[in-house]
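Text of upload08.cif, listed as mmCIF, C-alpha atoms and all ligand atoms:
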```cif
data_model
loop_
_atom_site.label_atom_id
_atom_site.label_comp_id
_atom_site.auth_asym_id
_atom_site.auth_seq_id
_atom_site.Cartn_x
_atom_site.Cartn_y
_atom_site.Cartn_z
CA MET A 21 128.10 111.01 152.69
CA ALA A 22 126.21 113.62 150.70
CA SER A 23 124.24 112.35 147.76
CA PHE A 24 122.20 114.14 145.11
CA SER A 25 118.59 113.24 144.63
CA PRO A 26 116.14 114.88 142.22
CA GLN A 27 113.19 116.88 143.55
CA PRO A 28 110.19 114.58 144.14
CA GLN A 29 107.92 116.61 141.84
CA ASP A 30 110.41 116.21 138.95
CA ILE A 31 110.28 112.42 139.17
CA SER A 32 106.50 112.26 139.28
CA SER A 33 106.03 114.61 136.32
CA ILE A 34 108.41 112.50 134.20
CA GLU A 35 106.62 109.30 135.19
CA VAL A 36 103.23 110.74 134.34
CA SER A 37 104.31 111.95 130.91
CA GLU A 38 105.95 108.58 130.10
CA ARG A 39 102.83 106.71 131.19
CA MET A 40 100.71 108.83 128.88
CA MET A 41 103.00 108.42 125.87
CA LYS A 42 102.62 105.22 123.90
CA LYS A 43 105.76 103.49 122.71
CA CYS A 44 105.28 104.50 119.07
CA GLU A 45 104.89 108.16 120.11
CA GLN A 46 108.15 108.06 122.04
CA GLN A 47 109.77 106.68 118.88
CA ASP A 48 108.38 109.51 116.77
CA PHE A 49 105.95 107.50 114.69
CA PRO A 50 102.39 107.27 116.08
CA CYS A 51 101.00 104.07 114.57
CA ILE A 52 97.31 104.86 115.05
CA ASN A 53 95.36 106.94 112.51
CA VAL A 54 98.28 107.28 110.11
CA SER A 55 97.63 110.21 107.79
CA TYR A 56 98.10 110.10 104.04
CA GLU A 57 96.41 113.45 103.75
CA ASP A 58 98.03 114.85 100.58
CA PHE A 59 97.66 111.59 98.64
CA ASP A 60 94.01 111.17 99.62
CA ARG A 61 93.15 114.82 98.85
CA ILE A 62 94.72 114.79 95.38
CA CYS A 63 93.19 111.41 94.54
CA ALA A 64 89.76 112.68 95.58
CA GLN A 65 90.18 115.73 93.32
CA GLU A 66 91.45 113.86 90.27
CA LEU A 67 89.74 110.44 90.20
CA CYS A 68 86.00 109.97 89.94
CA ALA A 69 86.43 106.78 92.01
CA PRO A 70 89.12 107.89 94.52
CA ILE A 71 91.33 105.35 96.27
CA ARG A 72 92.73 106.00 99.73
CA ALA A 73 96.43 105.37 100.27
CA SER A 74 95.65 103.23 103.30
CA GLN A 75 93.57 100.87 101.12
CA ILE A 76 96.64 100.34 98.96
CA VAL A 77 99.37 100.02 101.58
CA ASN A 78 97.59 98.75 104.72
CA GLU A 79 94.47 96.90 103.58
CA CYS A 80 95.50 95.32 100.27
CA SER A 81 94.51 91.72 99.57
CA PHE A 82 98.10 90.59 98.86
CA CYS A 83 101.13 91.00 101.10
CA VAL A 84 104.06 88.73 101.94
CA ASN A 85 107.33 88.86 103.80
CA ILE A 86 110.04 87.35 101.65
CA PRO A 87 113.21 86.02 103.28
CA VAL A 88 115.95 87.60 101.19
CA ASN A 89 118.41 85.63 103.27
CA GLU A 90 117.60 82.12 102.00
CA GLY A 91 118.61 80.49 105.28
CA LEU A 92 115.41 81.87 106.79
CA SER A 93 113.08 80.34 104.24
CA PHE A 94 110.82 77.38 105.06
CA GLY A 95 111.94 74.20 103.38
CA ASP A 96 112.60 74.59 99.71
CA LEU A 97 110.44 77.67 99.20
CA LYS A 98 111.88 79.94 96.55
CA THR A 99 111.32 83.66 96.14
CA SER A 100 109.00 82.95 93.20
CA ASP A 101 106.82 80.76 95.47
CA TYR A 102 106.15 83.73 97.75
CA LEU A 103 104.94 85.68 94.72
CA LYS A 104 102.93 82.88 93.11
CA GLY A 105 99.62 84.59 93.98
CA LEU A 106 100.62 87.42 91.63
CA ASN A 107 100.78 85.24 88.50
CA LYS A 108 99.54 87.28 85.52
CA LYS A 109 98.21 90.05 87.77
CA ILE A 110 98.59 93.73 86.94
CA GLY A 111 98.58 96.55 89.44
CA LEU A 112 100.64 98.59 91.84
CA TYR A 113 103.22 97.13 94.22
CA HIS A 114 105.36 98.44 97.06
CA LEU A 115 108.51 96.96 98.62
CA TRP A 116 109.06 97.58 102.33
CA ILE A 117 111.66 97.12 105.04
CA ASP A 118 111.17 96.92 108.81
CA TYR A 119 111.00 100.26 110.56
CA ASP A 120 109.46 99.98 114.02
CA GLU A 121 107.31 97.90 116.34
CA CYS A 122 104.69 99.17 118.79
CA GLU A 123 103.80 96.77 121.62
CA ASP A 124 101.21 99.20 122.96
CA HIS A 125 99.09 98.92 119.79
CA ASP A 126 100.37 95.51 118.60
CA THR A 127 101.47 96.88 115.23
CA ASN A 128 104.54 96.94 113.01
CA THR A 129 105.56 99.93 110.95
CA LEU A 130 107.29 99.44 107.60
CA LEU A 131 109.24 101.92 105.50
CA CYS A 132 108.68 101.85 101.75
CA VAL A 133 111.81 101.56 99.59
CA TYR A 134 110.25 101.08 96.15
CA VAL A 135 106.99 101.60 94.28
CA GLY A 136 106.32 100.00 90.88
CA LYS A 137 103.52 98.97 88.54
CA GLY A 138 102.67 96.49 85.82
CA PHE A 139 102.91 92.69 85.78
CA ALA A 140 104.02 92.50 89.38
CA LYS A 141 105.57 89.06 89.81
CA GLY A 142 108.33 89.29 87.22
CA ARG A 143 109.15 92.87 88.11
CA ILE A 144 109.44 92.16 91.83
CA MET A 145 111.58 89.08 91.13
CA ASP A 146 113.83 91.16 88.93
CA HIS A 147 114.07 93.86 91.56
CA ILE A 148 114.96 91.43 94.34
CA ASN A 149 117.60 89.70 92.21
CA LYS A 150 119.24 92.96 91.19
CA LYS A 151 119.04 94.97 94.39
CA TYR A 152 118.21 92.86 97.39
CA SER A 153 119.96 89.51 97.05
CA ASN A 154 123.06 88.96 99.17
CA LEU A 155 122.36 91.88 101.46
CA THR A 156 123.67 90.77 104.82
CA LYS A 157 122.00 93.56 106.76
CA LEU A 158 118.54 92.78 105.38
CA ASP A 159 116.83 89.49 106.23
CA THR A 160 113.34 90.15 105.01
CA LEU A 161 111.73 92.26 102.33
CA PHE A 162 108.01 92.92 102.57
CA CYS A 163 105.86 93.24 99.49
CA SER A 164 102.32 94.52 99.06
CA PHE A 165 100.24 94.50 95.87
CA TYR A 166 97.11 96.38 94.89
CA GLU A 167 95.35 95.02 91.81
CA CYS A 168 94.03 97.57 89.33
CA SER A 169 94.18 98.36 85.61
CA ASN A 170 97.54 99.37 84.18
CA ARG A 171 96.19 102.87 83.47
CA ILE A 172 95.15 103.46 87.08
CA ALA A 173 98.39 101.85 88.31
CA LYS A 174 100.39 104.38 86.28
CA TYR A 175 98.47 107.24 87.87
CA LEU A 176 98.83 105.88 91.41
CA GLU A 177 102.53 105.15 90.96
CA GLN A 178 103.16 108.69 89.76
CA LEU A 179 101.22 110.19 92.66
CA PHE A 180 103.29 108.17 95.16
CA LEU A 181 106.48 109.28 93.38
CA ASP A 182 105.38 112.93 93.47
CA LEU A 183 104.67 112.86 97.21
CA TYR A 184 107.10 110.39 98.76
CA LYS A 185 110.80 109.60 98.55
CA PHE A 186 111.82 106.00 97.80
CA GLU A 187 115.47 105.01 98.10
CA SER A 188 115.30 102.51 95.23
CA ASN A 189 113.29 104.56 92.72
CA GLU A 190 115.68 106.46 90.51
CA ASN A 191 113.33 108.13 88.00
CA GLU A 192 110.67 110.81 88.43
CA ASN A 193 110.85 110.61 92.22
CA ARG A 194 110.23 114.19 93.32
CA GLY A 195 108.60 113.42 96.68
CA ALA A 196 110.28 114.23 99.96
CA SER A 197 108.55 112.47 102.86
CA HIS A 198 108.80 108.83 103.87
CA LEU A 199 105.95 106.45 103.13
CA PHE A 200 105.05 104.20 106.05
CA ALA A 201 102.65 101.28 106.31
CA VAL A 202 101.24 100.08 109.61
CA TRP A 203 100.28 96.40 109.71
CA ASN A 204 98.78 94.31 112.50
CA LYS A 205 100.74 91.32 113.78
CA GLN A 206 98.91 88.77 111.62
CA ARG A 207 99.61 90.68 108.41
CA TYR A 208 103.19 91.41 109.45
CA LEU A 209 104.14 87.86 110.46
CA HIS A 210 102.17 85.76 107.99
CA GLY A 211 100.96 88.03 105.22
CA THR A 212 98.00 86.94 103.14
CA GLU A 213 99.66 83.98 101.38
CA ILE A 214 100.43 81.66 104.30
CA GLN A 215 97.98 78.91 103.28
CA LEU A 216 99.23 78.89 99.69
CA LEU A 217 102.84 78.75 100.94
CA ALA A 218 102.00 75.89 103.31
CA ASP A 219 100.48 73.95 100.38
CA ILE A 220 103.53 74.55 98.19
CA ALA A 221 105.95 73.62 100.99
CA SER A 222 104.08 70.41 101.89
CA ARG A 223 104.20 69.26 98.28
CA LYS A 224 107.95 69.84 98.18
CA ASP A 225 109.26 68.02 101.24
CA GLY A 226 106.98 68.01 104.24
CA PHE A 227 107.95 71.46 105.49
CA GLY A 228 104.30 72.43 105.13
CA ARG A 229 103.66 71.01 108.59
CA ILE A 230 106.09 73.54 110.04
CA VAL A 231 104.32 76.40 108.30
CA GLU A 232 100.92 75.04 109.43
CA SER A 233 102.07 74.80 113.05
CA CYS A 234 103.18 78.45 112.88
CA ILE A 235 99.65 79.44 111.88
CA ILE A 236 98.13 77.46 114.75
CA SER A 237 100.57 78.61 117.45
CA ASP A 238 100.17 82.28 116.56
CA GLY A 239 96.38 82.05 116.50
ZN ZN A 301 101.47 102.57 118.62
#
```
If you took the structure in this file and wrote it as C-alpha cells, what would it be?
Amino acid sequence: MASFSPQPQDISSIEVSERMMKKCEQQDFPCINVSYEDFDRICAQELCAPIRASQIVNECSFCVNIPVNEGLSFGDLKTSDYLKGLNKKIGLYHLWIDYDECEDHDTNTLLCVYVGKGFAKGRIMDHINKKYSNLTKLDTLFCSFYECSNRIAKYLEQLFLDLYKFESNENENRGASHLFAVWNKQRYLHGTEIQLLADIASRKDGFGRIVESCIISDG
C-alpha cells in the first residue's frame, strides 16, 4: 500500500527550529527582557528621578494573588486580609489576570486589566466588589502596588493610560497596546504577603499551618 511520507530534510528543519524556539516565543510573548521602551523613555525625559516600568510592575514590594472565587481561599481569609499590607498606603496599583506560563524560563505572564492610584486598599476592594465578584470564569485576580506620593502616582497612572489599553479603565485611556508583567514562580504563586497571610489565617482557625506547609513544599 502506498503511503505518503514527508521529505527527510523537511522534518529535520522543523525539529531544529522548534528546538531553538522557547515556549514563550512560540506563544508570541517572549518572557525574557520584556521591553517597556516608550514608558521608560518618556519617564526619563519628564522626571528628574525616572522610574522604570519594570520596577513598578515586576519588582514592586507588594503583590498578591486574590482568590475571587471564595472557595479557593485558605480558611477564613477575606479579600481585605490579602490587602492588609496596604493599610493607609498611597501609590499606584495594577490589577492583573493570568495570561501565559513559560516552563522554559519558569515564569508567568500576566495581563493588566486596570491601573489606579490613591489609597490603594479601599479602592481595590471597591473595584473587586463591583467588577470581579461572582465571575465564574475568573478564579484569581493578581494585584501589585508601588508606593509613592499621590502626585507621582497621578503622573505614573496617566502615563500608563496614555500608552496602554486596560479593559476596566473607562476614562482617559488612550493607549493601545497591552501591558504585561512577567513574574517568577515564587512571586506568582505566593506573592509578597504569604507570611502575613499565614499569621492571619493561624489566628482565625488553624489554617495557617496549611499556608505554612505550602511555603515549605514549594521551597
Ligand atoms: Zn520564556
Point to revise | Contacts to ligand ZN 301 (chain A) at 10 Å cut-off (all atoms listed in the file) as a ChimeraX atom specification | key: /A:41-53,120-129,202
Selection above as a file: C-alpha atoms, as a short mmCIF file (atom, residue, chain, number, x, y, z; two decimals), keeping the file's coordinate frame:
```cif
data_model
loop_
_atom_site.label_atom_id
_atom_site.label_comp_id
_atom_site.auth_asym_id
_atom_site.auth_seq_id
_atom_site.Cartn_x
_atom_site.Cartn_y
_atom_site.Cartn_z
CA MET A 41 103.00 108.42 125.87
CA LYS A 42 102.62 105.22 123.90
CA LYS A 43 105.76 103.49 122.71
CA CYS A 44 105.28 104.50 119.07
CA GLU A 45 104.89 108.16 120.11
CA GLN A 46 108.15 108.06 122.04
CA GLN A 47 109.77 106.68 118.88
CA ASP A 48 108.38 109.51 116.77
CA PHE A 49 105.95 107.50 114.69
CA PRO A 50 102.39 107.27 116.08
CA CYS A 51 101.00 104.07 114.57
CA ILE A 52 97.31 104.86 115.05
CA ASN A 53 95.36 106.94 112.51
CA ASP A 120 109.46 99.98 114.02
CA GLU A 121 107.31 97.90 116.34
CA CYS A 122 104.69 99.17 118.79
CA GLU A 123 103.80 96.77 121.62
CA ASP A 124 101.21 99.20 122.96
CA HIS A 125 99.09 98.92 119.79
CA ASP A 126 100.37 95.51 118.60
CA THR A 127 101.47 96.88 115.23
CA ASN A 128 104.54 96.94 113.01
CA THR A 129 105.56 99.93 110.95
CA VAL A 202 101.24 100.08 109.61
#
```
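Note that atom CA of Ala221 of chain A and atom CA of Ser100 of chain A are 12.5 Å apart.
When atom CA of Ala69 of chain A is paired with atom CA of Val135 of chain A, their separation reads 21.3 Å.
Shortest atom-to-atom contact with Ile214 of chain A among A:Ala201, A:Leu183, A:Leu112, A:Leu97: A:Leu97, counting all atoms listed in the file.
Taking only C-alpha atoms into account, Arg143 of chain A lies nearest to A:Tyr113 out of the set A:Ser164, A:Ala218, A:Ser81, A:Tyr113.
Of the listed residues A:Cys68, A:Val133, A:Cys168, A:Ala73, the one whose atoms come nearest to Ser55 of chain A is A:Ala73, with distances taken using all atoms listed in the file.
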